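*Asks:* Pasting in a structure now, in structure tokens, and then I'll have a few things to ask.
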Amino acid sequence: MATSKRRAADFVPPLSPQPPQKKTTVRISPIKPSPRLGLRYISHDLIHNILNRLPPRFVARCRSVCKDWLAAITDPDFLITYLQAAKKRPSLLMVPTTSNERCAFPLFMGFYRYRVGDEAELIHFKNFSRIVCMRNPPVHCDGLILITANAERMMICNSATGEVPSLPRASIGKRNSPRRCDSMILFASRAGLGFDPRSKKYKVVRFFYRNPIGYDAVCKFEVLTLGTKVWRRTADDPPYPIAGRTPVHVQGSIYWILIDTTHGFLRFSLADEKFSLVPCPPSDYKPARFVQCESELCCTCFCEQKRELEVWSLSVGRENPDWTRRCTVVITPDLLFRNFSGWPTRSPKVVLHGRMLILTAERNVYQYDMRTNRMEKIASDRSYQKNVVRHLTNYVESLVCINKL
């Protein structure tokens, strides 16, 4: 009984039911946009830190969100910061084109981002209104790609933003320009692209030959500042004839190979637009091509009999720079450019990508590890790609808007 009483004493009766409460309706009015919610009240460092982690295609789309986003993305300080961050993760750009000028191939042109060991990724695809036969390799500078279709028609492409505007037509050299049959070097036009650190502008420079009297060829030089519509002739002509080789841009200057290499290399400063000479490497072999490298001037010296390729580099920023031989490579026979008779005429194109050398000759691509001295073939020609040439160049993604330069 005590236990039952104790349990009864512990029992708590339920509370009496409460009367039903009156239902009330609460209206939530929409929040009016406040100017303090915009990007202008967020620190620029935070905005730039977020945008630097996004691919350029997504950042380019964010320009259409609002005026604040457009101002933040087009800020020159942010463009420089984004470009410096992109240079820490460089890649290769592959542009396959035709090697036959009569082939109606390139109504379409693809730009592929390529990293050694991975598959090529299509980043831009362009449908051209006219046939573009790109015999010359593309020239790259800060994410901008110079495409030369013929002697006077050129285009600038930013594959990250999808812009491919055409440049104003350049001057046309005489068709009956003389030829050096001994070295198989045509007096053809070549163009280069670089950044002028003084004016903060990108410039396209090119040389061409005029022979007003007989066959006495005269080398001319002209400059186009991106954002303008007129080619400007330089005050002075090049001191020596320039060879038909692709130039290279290093730290505000563009370098060219001369026909007579005993004079050295020709340097054209984009700041003052003046010419100067740089000595060639102290090699027993003749300079063949420039090697694409952002911070140093690099070139190759080639011996056809031994099939030896030397890679030399020069630190441009120093007071008394000296050439340094980086490596010597014995190349395979399929890395030689051959003429119609099958004789080797030119050395392969070389791109310095990290500690790797990327060597290309039309459809064959090799990589050479300078640490282990190992050569490996990473691409070869196929029967259905008989007239296709793979152009490879170093590439970084940038947000430089070509139409607003």
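Note on naming: chains are A, B, ... as they come in the structure tokens, residues start from 1 per chain, ligands start from 1 in the order shown.
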Give me the residues near Lys349 in chain A as a VMD selection string, where near means some atom within 8 Å (using only C-alpha atoms) and where sequence neighbours in that chain fewer than 2 positions away do not count.
*Replies:* chain A and resid 289 291 347 351 359 to 361
*Asks:* Would you list the contacts of His353 in chain A as JSON, numbers by chain, taking every protein, DNA or RNA residue within 12 Å and counting only C-alpha atoms, but skipping same-chain residues closer than 6 positions in sequence?
*Replies:* {"A": [87, 89, 90, 91, 92, 93, 114, 115, 116, 291, 292, 293, 294, 295, 359, 367, 368, 369, 370, 392, 393, 394, 395, 396]}
*Asks:* Take the residues that were just selected and, keeping N, CA, C and O atoms, output them as a compact mmCIF listing (two decimals), in the first residue's frame.
*Replies:*
```txt
# COMPACT_ATOMS: atom_id res chain seq x y z
N LYS A 87 50.10 32.99 -64.60
CA LYS A 87 51.44 32.60 -65.02
C LYS A 87 52.04 31.53 -64.10
O LYS A 87 53.01 30.87 -64.49
N ARG A 89 50.44 28.89 -63.26
CA ARG A 89 49.90 27.61 -63.74
C ARG A 89 49.88 27.61 -65.27
O ARG A 89 48.81 27.53 -65.89
N PRO A 90 51.03 27.70 -65.92
CA PRO A 90 51.06 27.79 -67.38
C PRO A 90 50.69 26.46 -68.02
O PRO A 90 50.80 25.38 -67.43
N SER A 91 50.29 26.55 -69.26
CA SER A 91 49.95 25.37 -70.05
C SER A 91 50.45 25.60 -71.47
O SER A 91 51.10 26.61 -71.77
N LEU A 92 50.16 24.67 -72.34
CA LEU A 92 50.51 24.78 -73.75
C LEU A 92 49.25 24.98 -74.56
O LEU A 92 48.18 24.45 -74.24
N LEU A 93 49.38 25.75 -75.62
CA LEU A 93 48.27 25.98 -76.54
C LEU A 93 48.60 25.29 -77.86
O LEU A 93 49.67 25.52 -78.44
N TYR A 114 46.70 22.33 -73.65
CA TYR A 114 47.35 21.03 -73.54
C TYR A 114 48.36 21.05 -72.41
O TYR A 114 49.15 21.99 -72.29
N ARG A 115 48.29 20.06 -71.55
CA ARG A 115 49.28 19.82 -70.52
C ARG A 115 49.90 18.46 -70.77
O ARG A 115 49.20 17.50 -71.08
N VAL A 116 51.22 18.39 -70.62
CA VAL A 116 51.95 17.17 -70.94
C VAL A 116 51.43 16.03 -70.08
O VAL A 116 51.38 16.14 -68.85
N VAL A 291 63.67 30.06 -78.94
CA VAL A 291 62.89 29.18 -78.07
C VAL A 291 61.95 30.05 -77.25
O VAL A 291 62.36 31.09 -76.71
N GLN A 292 60.71 29.65 -77.14
CA GLN A 292 59.73 30.43 -76.41
C GLN A 292 59.96 30.27 -74.91
O GLN A 292 59.83 29.19 -74.35
N CYS A 293 60.31 31.39 -74.28
CA CYS A 293 60.54 31.44 -72.84
C CYS A 293 60.21 32.85 -72.39
O CYS A 293 60.63 33.83 -73.02
N GLU A 294 59.44 32.99 -71.31
CA GLU A 294 58.92 34.30 -70.92
C GLU A 294 60.00 35.21 -70.35
O GLU A 294 60.05 36.39 -70.64
N SER A 295 60.90 34.70 -69.54
CA SER A 295 61.81 35.55 -68.78
C SER A 295 63.19 35.70 -69.39
O SER A 295 63.91 36.63 -69.06
N LEU A 359 59.50 19.64 -78.57
CA LEU A 359 60.03 19.74 -79.92
C LEU A 359 58.98 19.27 -80.91
O LEU A 359 58.41 18.18 -80.76
N GLN A 367 58.90 15.30 -76.30
CA GLN A 367 59.27 16.02 -75.09
C GLN A 367 60.61 15.50 -74.58
O GLN A 367 60.87 14.29 -74.60
N TYR A 368 61.43 16.44 -74.13
CA TYR A 368 62.77 16.10 -73.66
C TYR A 368 62.94 16.63 -72.25
O TYR A 368 62.76 17.83 -72.00
N ASP A 369 63.26 15.74 -71.32
CA ASP A 369 63.48 16.11 -69.93
C ASP A 369 64.94 16.49 -69.77
O ASP A 369 65.84 15.66 -69.94
N MET A 370 65.20 17.77 -69.42
CA MET A 370 66.57 18.25 -69.31
C MET A 370 67.27 17.71 -68.07
O MET A 370 68.50 17.79 -67.98
N LEU A 392 52.44 24.56 -81.43
CA LEU A 392 52.45 24.58 -79.98
C LEU A 392 53.13 25.84 -79.48
O LEU A 392 54.15 26.26 -80.04
N THR A 393 52.58 26.43 -78.44
CA THR A 393 53.18 27.62 -77.83
C THR A 393 52.81 27.65 -76.36
O THR A 393 51.80 27.07 -75.95
N ASN A 394 53.65 28.31 -75.56
CA ASN A 394 53.31 28.52 -74.16
C ASN A 394 52.08 29.40 -74.06
O ASN A 394 51.88 30.32 -74.87
N TYR A 395 51.28 29.17 -73.03
CA TYR A 395 50.00 29.86 -72.96
C TYR A 395 49.60 30.07 -71.51
O TYR A 395 49.79 29.19 -70.66
N VAL A 396 49.10 31.27 -71.23
CA VAL A 396 48.47 31.59 -69.94
C VAL A 396 47.12 32.23 -70.22
O VAL A 396 46.96 32.94 -71.22
```
*Asks:* List every residue of range 185-344 of chain A that DSSP, applied to the backbone, labels as strand (DSSP E or B), and write the result as a ChimeraX atom specification.
*Replies:* /A:185-186,190-196,201-210,218-226,228,232-233,242,248-250,253-258,265-269,275-278,286-292,297-303,308-314,323-330,337-338,344
*Asks:* Restricting the output to C-alpha atoms, write the selected residues as a PDB file, in the first residue's frame.
*Replies:*
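File produced: part.pdb:
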```pdb
ATOM      1  CA  ILE A 185      65.161  31.558 -96.571  1.00  0.00           C
ATOM      2  CA  LEU A 186      62.461  33.567 -98.294  1.00  0.00           C
ATOM      3  CA  ARG A 190      56.863  37.925 -90.170  1.00  0.00           C
ATOM      4  CA  ALA A 191      55.015  39.578 -87.295  1.00  0.00           C
ATOM      5  CA  GLY A 192      55.560  39.726 -83.550  1.00  0.00           C
ATOM      6  CA  LEU A 193      53.434  40.665 -80.542  1.00  0.00           C
ATOM      7  CA  GLY A 194      54.626  42.244 -77.301  1.00  0.00           C
ATOM      8  CA  PHE A 195      53.786  44.483 -74.352  1.00  0.00           C
ATOM      9  CA  ASP A 196      55.203  47.982 -74.034  1.00  0.00           C
ATOM     10  CA  LYS A 201      49.965  48.982 -74.504  1.00  0.00           C
ATOM     11  CA  TYR A 202      50.239  45.869 -76.641  1.00  0.00           C
ATOM     12  CA  LYS A 203      51.930  46.325 -80.014  1.00  0.00           C
ATOM     13  CA  VAL A 204      52.134  44.264 -83.191  1.00  0.00           C
ATOM     14  CA  VAL A 205      55.308  44.724 -85.235  1.00  0.00           C
ATOM     15  CA  ARG A 206      56.215  43.292 -88.622  1.00  0.00           C
ATOM     16  CA  PHE A 207      58.854  43.558 -91.306  1.00  0.00           C
ATOM     17  CA  PHE A 208      58.458  43.263 -95.056  1.00  0.00           C
ATOM     18  CA  TYR A 209      60.571  43.827 -98.147  1.00  0.00           C
ATOM     19  CA  ARG A 210      60.220  46.391-100.903  1.00  0.00           C
ATOM     20  CA  VAL A 218      64.781  47.071 -98.950  1.00  0.00           C
ATOM     21  CA  CYS A 219      63.664  45.879 -95.522  1.00  0.00           C
ATOM     22  CA  LYS A 220      60.901  47.974 -93.951  1.00  0.00           C
ATOM     23  CA  PHE A 221      59.401  47.904 -90.474  1.00  0.00           C
ATOM     24  CA  GLU A 222      56.017  49.039 -89.146  1.00  0.00           C
ATOM     25  CA  VAL A 223      54.171  49.045 -85.815  1.00  0.00           C
ATOM     26  CA  LEU A 224      50.506  48.800 -84.865  1.00  0.00           C
ATOM     27  CA  THR A 225      49.374  49.713 -81.348  1.00  0.00           C
ATOM     28  CA  LEU A 226      46.328  47.644 -80.389  1.00  0.00           C
ATOM     29  CA  THR A 228      44.431  52.070 -83.103  1.00  0.00           C
ATOM     30  CA  ARG A 232      53.072  53.367 -88.348  1.00  0.00           C
ATOM     31  CA  ARG A 233      56.378  53.140 -90.207  1.00  0.00           C
ATOM     32  CA  ILE A 242      65.839  39.985 -91.431  1.00  0.00           C
ATOM     33  CA  VAL A 248      60.155  36.202 -79.805  1.00  0.00           C
ATOM     34  CA  HIS A 249      59.097  38.718 -77.138  1.00  0.00           C
ATOM     35  CA  VAL A 250      61.140  39.053 -73.935  1.00  0.00           C
ATOM     36  CA  SER A 253      61.538  43.876 -76.631  1.00  0.00           C
ATOM     37  CA  ILE A 254      61.094  41.701 -79.712  1.00  0.00           C
ATOM     38  CA  TYR A 255      64.060  39.807 -81.125  1.00  0.00           C
ATOM     39  CA  TRP A 256      64.620  38.764 -84.747  1.00  0.00           C
ATOM     40  CA  ILE A 257      67.103  36.482 -86.497  1.00  0.00           C
ATOM     41  CA  LEU A 258      69.115  38.146 -89.255  1.00  0.00           C
ATOM     42  CA  PHE A 265      70.333  39.164 -83.296  1.00  0.00           C
ATOM     43  CA  LEU A 266      68.217  42.236 -83.992  1.00  0.00           C
ATOM     44  CA  ARG A 267      66.470  43.729 -80.949  1.00  0.00           C
ATOM     45  CA  PHE A 268      63.506  46.082 -81.317  1.00  0.00           C
ATOM     46  CA  SER A 269      62.486  47.985 -78.183  1.00  0.00           C
ATOM     47  CA  PHE A 275      66.864  48.925 -83.105  1.00  0.00           C
ATOM     48  CA  SER A 276      69.960  47.437 -81.490  1.00  0.00           C
ATOM     49  CA  LEU A 277      72.094  44.311 -81.880  1.00  0.00           C
ATOM     50  CA  VAL A 278      72.609  41.420 -79.461  1.00  0.00           C
ATOM     51  CA  LYS A 286      74.591  28.334 -86.654  1.00  0.00           C
ATOM     52  CA  PRO A 287      71.608  29.840 -84.779  1.00  0.00           C
ATOM     53  CA  ALA A 288      68.412  28.230 -86.041  1.00  0.00           C
ATOM     54  CA  ARG A 289      65.361  29.375 -84.070  1.00  0.00           C
ATOM     55  CA  PHE A 290      64.266  31.200 -80.975  1.00  0.00           C
ATOM     56  CA  VAL A 291      62.893  29.182 -78.068  1.00  0.00           C
ATOM     57  CA  GLN A 292      59.727  30.430 -76.406  1.00  0.00           C
ATOM     58  CA  LEU A 297      66.105  35.034 -74.396  1.00  0.00           C
ATOM     59  CA  CYS A 298      66.614  31.484 -75.615  1.00  0.00           C
ATOM     60  CA  CYS A 299      67.639  30.127 -78.983  1.00  0.00           C
ATOM     61  CA  THR A 300      68.750  26.892 -80.597  1.00  0.00           C
ATOM     62  CA  CYS A 301      71.885  26.192 -82.633  1.00  0.00           C
ATOM     63  CA  PHE A 302      71.652  23.229 -84.984  1.00  0.00           C
ATOM     64  CA  CYS A 303      74.039  20.955 -86.887  1.00  0.00           C
ATOM     65  CA  GLU A 308      72.651  17.958 -82.643  1.00  0.00           C
ATOM     66  CA  LEU A 309      70.524  20.727 -81.210  1.00  0.00           C
ATOM     67  CA  GLU A 310      71.985  23.094 -78.616  1.00  0.00           C
ATOM     68  CA  VAL A 311      69.752  25.232 -76.393  1.00  0.00           C
ATOM     69  CA  TRP A 312      71.230  28.539 -75.163  1.00  0.00           C
ATOM     70  CA  SER A 313      69.753  31.148 -72.801  1.00  0.00           C
ATOM     71  CA  LEU A 314      70.571  34.788 -72.034  1.00  0.00           C
ATOM     72  CA  TRP A 323      75.014  33.161 -72.909  1.00  0.00           C
ATOM     73  CA  THR A 324      74.641  29.844 -71.091  1.00  0.00           C
ATOM     74  CA  ARG A 325      74.282  26.495 -72.819  1.00  0.00           C
ATOM     75  CA  ARG A 326      71.489  24.573 -71.145  1.00  0.00           C
ATOM     76  CA  CYS A 327      71.612  21.267 -72.967  1.00  0.00           C
ATOM     77  CA  THR A 328      72.533  19.449 -76.167  1.00  0.00           C
ATOM     78  CA  VAL A 329      69.968  17.119 -77.736  1.00  0.00           C
ATOM     79  CA  VAL A 330      70.463  14.557 -80.483  1.00  0.00           C
ATOM     80  CA  PHE A 337      61.594  19.649 -91.653  1.00  0.00           C
ATOM     81  CA  ARG A 338      62.131  18.305 -95.155  1.00  0.00           C
ATOM     82  CA  PRO A 344      66.287  18.070 -94.252  1.00  0.00           C
TER      83      PRO A 344
END
```
*Asks:* Which residue gives the smallest distance to Tyr82 in chain A among A:Gly143, A:Gly317, A:Pro138, A:Pro241, with only C-alpha atoms counted?
*Replies:*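 Distance minimum relative to Tyr82 in chain A lands on A:Gly143.
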*Asks:* Could you tell me which of A:Pro56, A:Pro333, A:Pro76, A:Gly162 comes closest to Gln305 in chain A if we count only C-alpha atoms?
*Replies:*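 Using only C-alpha atoms, the shortest distance to Gln305 in chain A belongs to A:Pro333.
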*Asks:* Which is closer to Glu362 in chain A than all the others in A:Pro137, A:Pro165, A:Pro282, A:Pro238, using only C-alpha atoms?
*Replies:* A:Pro137
*Asks:* Report the residues of range 178-382 of chain A whose backbone DSSP state falls under helix (DSSP H, G or I), written as number ranges by chain.
*Replies:* A: 261-263, 333-335
*Asks:* Write the residues of the selection above to a file with all heavy atoms, as a PDB file, in the first residue's frame.
*Replies:*
```pdb
ATOM      1  N   THR A 261      73.971  35.975 -89.661  1.00  0.00           N
ATOM      2  CA  THR A 261      73.994  35.882 -88.202  1.00  0.00           C
ATOM      3  C   THR A 261      75.312  36.357 -87.599  1.00  0.00           C
ATOM      4  O   THR A 261      75.419  36.412 -86.371  1.00  0.00           O
ATOM      5  CB  THR A 261      73.726  34.437 -87.762  1.00  0.00           C
ATOM      6  OG1 THR A 261      74.678  33.570 -88.396  1.00  0.00           O
ATOM      7  CG2 THR A 261      72.315  34.013 -88.137  1.00  0.00           C
ATOM      8  N   THR A 262      76.284  36.704 -88.429  1.00  0.00           N
ATOM      9  CA  THR A 262      77.533  37.233 -87.865  1.00  0.00           C
ATOM     10  C   THR A 262      77.327  38.601 -87.220  1.00  0.00           C
ATOM     11  O   THR A 262      78.126  39.015 -86.374  1.00  0.00           O
ATOM     12  CB  THR A 262      78.602  37.339 -88.960  1.00  0.00           C
ATOM     13  OG1 THR A 262      78.112  38.186 -90.022  1.00  0.00           O
ATOM     14  CG2 THR A 262      78.931  35.966 -89.517  1.00  0.00           C
ATOM     15  N   HIS A 263      76.259  39.294 -87.600  1.00  0.00           N
ATOM     16  CA  HIS A 263      75.957  40.586 -86.982  1.00  0.00           C
ATOM     17  C   HIS A 263      75.280  40.416 -85.619  1.00  0.00           C
ATOM     18  O   HIS A 263      75.188  41.380 -84.858  1.00  0.00           O
ATOM     19  CB  HIS A 263      75.059  41.415 -87.895  1.00  0.00           C
ATOM     20  CG  HIS A 263      75.656  41.698 -89.241  1.00  0.00           C
ATOM     21  ND1 HIS A 263      76.778  42.476 -89.421  1.00  0.00           N
ATOM     22  CD2 HIS A 263      75.293  41.274 -90.477  1.00  0.00           C
ATOM     23  CE1 HIS A 263      77.079  42.547 -90.707  1.00  0.00           C
ATOM     24  NE2 HIS A 263      76.191  41.824 -91.378  1.00  0.00           N
ATOM     25  N   PRO A 333      65.347  11.503 -86.686  1.00  0.00           N
ATOM     26  CA  PRO A 333      65.155  11.963 -88.077  1.00  0.00           C
ATOM     27  C   PRO A 333      63.773  12.529 -88.369  1.00  0.00           C
ATOM     28  O   PRO A 333      63.635  13.402 -89.236  1.00  0.00           O
ATOM     29  CB  PRO A 333      65.423  10.701 -88.904  1.00  0.00           C
ATOM     30  CG  PRO A 333      66.284   9.855 -88.034  1.00  0.00           C
ATOM     31  CD  PRO A 333      65.825  10.120 -86.633  1.00  0.00           C
ATOM     32  N   ASP A 334      62.728  12.070 -87.661  1.00  0.00           N
ATOM     33  CA  ASP A 334      61.387  12.567 -87.960  1.00  0.00           C
ATOM     34  C   ASP A 334      61.116  13.930 -87.337  1.00  0.00           C
ATOM     35  O   ASP A 334      60.000  14.442 -87.448  1.00  0.00           O
ATOM     36  CB  ASP A 334      60.328  11.564 -87.495  1.00  0.00           C
ATOM     37  CG  ASP A 334      60.431  11.252 -86.008  1.00  0.00           C
ATOM     38  OD1 ASP A 334      61.440  11.666 -85.379  1.00  0.00           O
ATOM     39  OD2 ASP A 334      59.515  10.612 -85.469  1.00  0.00           O
ATOM     40  N   LEU A 335      62.124  14.531 -86.685  1.00  0.00           N
ATOM     41  CA  LEU A 335      61.985  15.879 -86.161  1.00  0.00           C
ATOM     42  C   LEU A 335      62.622  16.929 -87.063  1.00  0.00           C
ATOM     43  O   LEU A 335      62.805  18.067 -86.650  1.00  0.00           O
ATOM     44  CB  LEU A 335      62.605  15.984 -84.764  1.00  0.00           C
ATOM     45  CG  LEU A 335      61.703  15.578 -83.599  1.00  0.00           C
ATOM     46  CD1 LEU A 335      62.457  15.652 -82.279  1.00  0.00           C
ATOM     47  CD2 LEU A 335      60.466  16.456 -83.534  1.00  0.00           C
TER      48      LEU A 335
END
```
*Asks:* Taking only C-alpha atoms into account, name the residue in A:Asn320, A:Ser64, A:Thr234, A:Ser199 that is nearest to Gly252 in chain A.
*Replies:*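 So, comparing all the options, the nearest one is A:Ser199.
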